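Asker: Got a structure for you, questions after.
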Amino acid sequence: APALELAGAGAAAMGVAERFATRQGDAFDVLTALGQEGARFDLVICDPPAFAPSKPALEAGLRAYEKVARLAAPLVAEGGSLGLCSCSHAADLNRFREACQRGIGRAGRRSQLLYTGFAGPDHPQHPQLAESGYLKALFYRL
């Protein structure tokens, strides 16, 4: 709620409050509701919590990332962009990308991977600790 209030204050400060709306709730429920309403956006960015914070949680986490992609892809207008992010230690880039691609495909959308992003200089990766490279983001054109 505090983040949504801050976003609303930012929209008001920019003079676009009348075109700005937020929703608070379970992300899967909100994505589903937006899809049922036929909502479409030029840009959708999904940055969920770590769904696979450990090896035992990996398979369930990958299914959750796939579900996010499947529910978010229909919300992207033709030619729009979808950003999918992960901060899961156990899900490496390849497995995360595969889950996202499956979700986008199961939503009936075609995609082009435009950009793969990683942590900035404030989150350095330790060369001998692969798990320190846990931040990743994929941006697609749908």
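Convention: chains lettered A, B, ... in structure tokens order; per-chain residue numbering from 1; ligands numbered from 1 as shown.
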So that I can see what lies close to segment 60-67 of chain A, please list as a PyMOL selection string the residues with an atom at most 9 Å from it, counting only C-alpha atoms and leaving out residues fewer than 4 positions away in the same chain.
Answerer: chain A and resi 28+48+50-53+56+71-72+84-86+88+90-91+95-96+98-104+106
Asker: When you look at segment 37-46 of chain A with a cut-off of 6 Å (counting only C-alpha atoms), what residues show up, excluding the ones that are within fewer than 2 positions of it in the same chain? I need them as a PyMOL selection string.
Answerer: chain A and resi 34-35+75-77+80-84
Asker: How would the residues just picked look written out with all heavy atoms as a tab-separated table (two decimals), in the first residue's frame?
Answerer:
```tsv
chain	number	residue	atom	x	y	z
A	34	LEU	N	-7.53	-8.43	-14.83
A	34	LEU	CA	-7.23	-7.52	-15.93
A	34	LEU	C	-7.44	-8.21	-17.28
A	34	LEU	O	-7.99	-7.60	-18.21
A	34	LEU	CB	-5.79	-7.01	-15.82
A	34	LEU	CG	-5.52	-6.00	-14.71
A	34	LEU	CD1	-4.02	-5.81	-14.51
A	34	LEU	CD2	-6.19	-4.66	-15.05
A	35	GLY	N	-7.05	-9.47	-17.37
A	35	GLY	CA	-7.26	-10.22	-18.60
A	35	GLY	C	-8.73	-10.39	-18.91
A	35	GLY	O	-9.17	-10.23	-20.06
A	75	LEU	N	-2.08	-9.22	-21.71
A	75	LEU	CA	-2.31	-7.83	-21.35
A	75	LEU	C	-1.49	-6.87	-22.19
A	75	LEU	O	-1.72	-5.66	-22.15
A	75	LEU	CB	-1.97	-7.61	-19.87
A	75	LEU	CG	-2.71	-8.49	-18.86
A	75	LEU	CD1	-2.23	-8.20	-17.45
A	75	LEU	CD2	-4.21	-8.32	-18.99
A	76	VAL	N	-0.54	-7.40	-22.96
A	76	VAL	CA	0.34	-6.56	-23.77
A	76	VAL	C	-0.29	-6.32	-25.14
A	76	VAL	O	-0.65	-7.27	-25.85
A	76	VAL	CB	1.73	-7.21	-23.93
A	76	VAL	CG1	2.64	-6.36	-24.79
A	76	VAL	CG2	2.36	-7.45	-22.56
A	77	ALA	N	-0.42	-5.06	-25.51
A	77	ALA	CA	-0.96	-4.70	-26.82
A	77	ALA	C	-0.02	-5.22	-27.91
A	77	ALA	O	1.18	-5.40	-27.69
A	77	ALA	CB	-1.11	-3.19	-26.92
A	80	GLY	N	3.62	-4.32	-28.28
A	80	GLY	CA	4.04	-3.79	-26.99
A	80	GLY	C	5.16	-4.61	-26.37
A	80	GLY	O	5.63	-5.59	-26.95
A	81	SER	N	5.55	-4.23	-25.18
A	81	SER	CA	6.68	-4.86	-24.51
A	81	SER	C	6.26	-5.50	-23.19
A	81	SER	O	5.43	-4.96	-22.46
A	81	SER	CB	7.78	-3.84	-24.23
A	81	SER	OG	8.28	-3.32	-25.44
A	82	LEU	N	6.89	-6.65	-22.91
A	82	LEU	CA	6.67	-7.38	-21.66
A	82	LEU	C	8.01	-7.57	-20.99
A	82	LEU	O	8.94	-8.12	-21.58
A	82	LEU	CB	6.02	-8.74	-21.94
A	82	LEU	CG	5.89	-9.69	-20.75
A	82	LEU	CD1	5.01	-9.09	-19.65
A	82	LEU	CD2	5.33	-11.04	-21.22
A	83	GLY	N	8.13	-7.09	-19.75
A	83	GLY	CA	9.33	-7.29	-18.95
A	83	GLY	C	9.03	-8.30	-17.86
A	83	GLY	O	8.05	-8.17	-17.13
A	84	LEU	N	9.87	-9.32	-17.77
A	84	LEU	CA	9.71	-10.37	-16.76
A	84	LEU	C	11.02	-10.45	-15.97
A	84	LEU	O	12.09	-10.60	-16.55
A	84	LEU	CB	9.40	-11.71	-17.41
A	84	LEU	CG	8.11	-11.74	-18.23
A	84	LEU	CD1	8.04	-12.99	-19.10
A	84	LEU	CD2	6.90	-11.66	-17.31
```
Asker: Tell me which protein, DNA and RNA residues are within 6 Å of segment 113-123 of chain A, counting only C-alpha atoms, leaving out same-chain ones fewer than 5 positions away, and put them as a count of residues only.
Answerer: 6
Asker: For Glu18 of chain A, work out the shell of residues within 12 Å, counting only C-alpha atoms and skipping chain neighbours fewer than 6 positions away, then give it as an mmCIF file with C-alpha atoms, in the first residue's frame.
Answerer:
```
data_model
loop_
_atom_site.group_PDB
_atom_site.id
_atom_site.type_symbol
_atom_site.label_atom_id
_atom_site.label_comp_id
_atom_site.auth_asym_id
_atom_site.auth_seq_id
_atom_site.Cartn_x
_atom_site.Cartn_y
_atom_site.Cartn_z
ATOM 1 C CA GLY A 8 -0.166 7.975 -6.880
ATOM 2 C CA ALA A 9 1.612 10.986 -5.423
ATOM 3 C CA ALA A 11 1.357 10.718 -10.849
ATOM 4 C CA ALA A 12 -0.288 13.717 -9.203
#
```
Asker: Here is a test: counting only C-alpha atoms, which residue of A:Gly105, A:Gly25, A:Gly10, A:Gly133 is nearest to Asp92 of chain A?
Answerer: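 With only C-alpha atoms as the atom set, the closest residue is A:Gly133.
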Asker: Need to verify the contact set: Ala107 of chain A, 7 Å, only C-alpha atoms, exclusion of same-chain residues closer than 4 positions in sequence. Can you return it as a PyMOL selection string?
Answerer: chain A and resi 70+73-74+103
Asker: Save out the residues we just selected, N, CA and C atoms, as a compact mmCIF listing (two decimals), in the first residue's frame.
Answerer:
```txt
# COMPACT_ATOMS: atom_id res chain seq x y z
N ARG A 70 2.26 -16.29 -18.60
CA ARG A 70 1.02 -16.68 -19.29
C ARG A 70 -0.11 -15.69 -19.00
N ALA A 73 1.13 -11.91 -20.61
CA ALA A 73 1.26 -11.76 -22.06
C ALA A 73 -0.02 -11.26 -22.73
N PRO A 74 -1.19 -11.75 -22.38
CA PRO A 74 -2.41 -11.24 -23.03
C PRO A 74 -2.70 -9.77 -22.74
N GLY A 103 5.33 -19.76 -20.92
CA GLY A 103 4.15 -19.00 -20.50
C GLY A 103 3.63 -18.10 -21.61
```
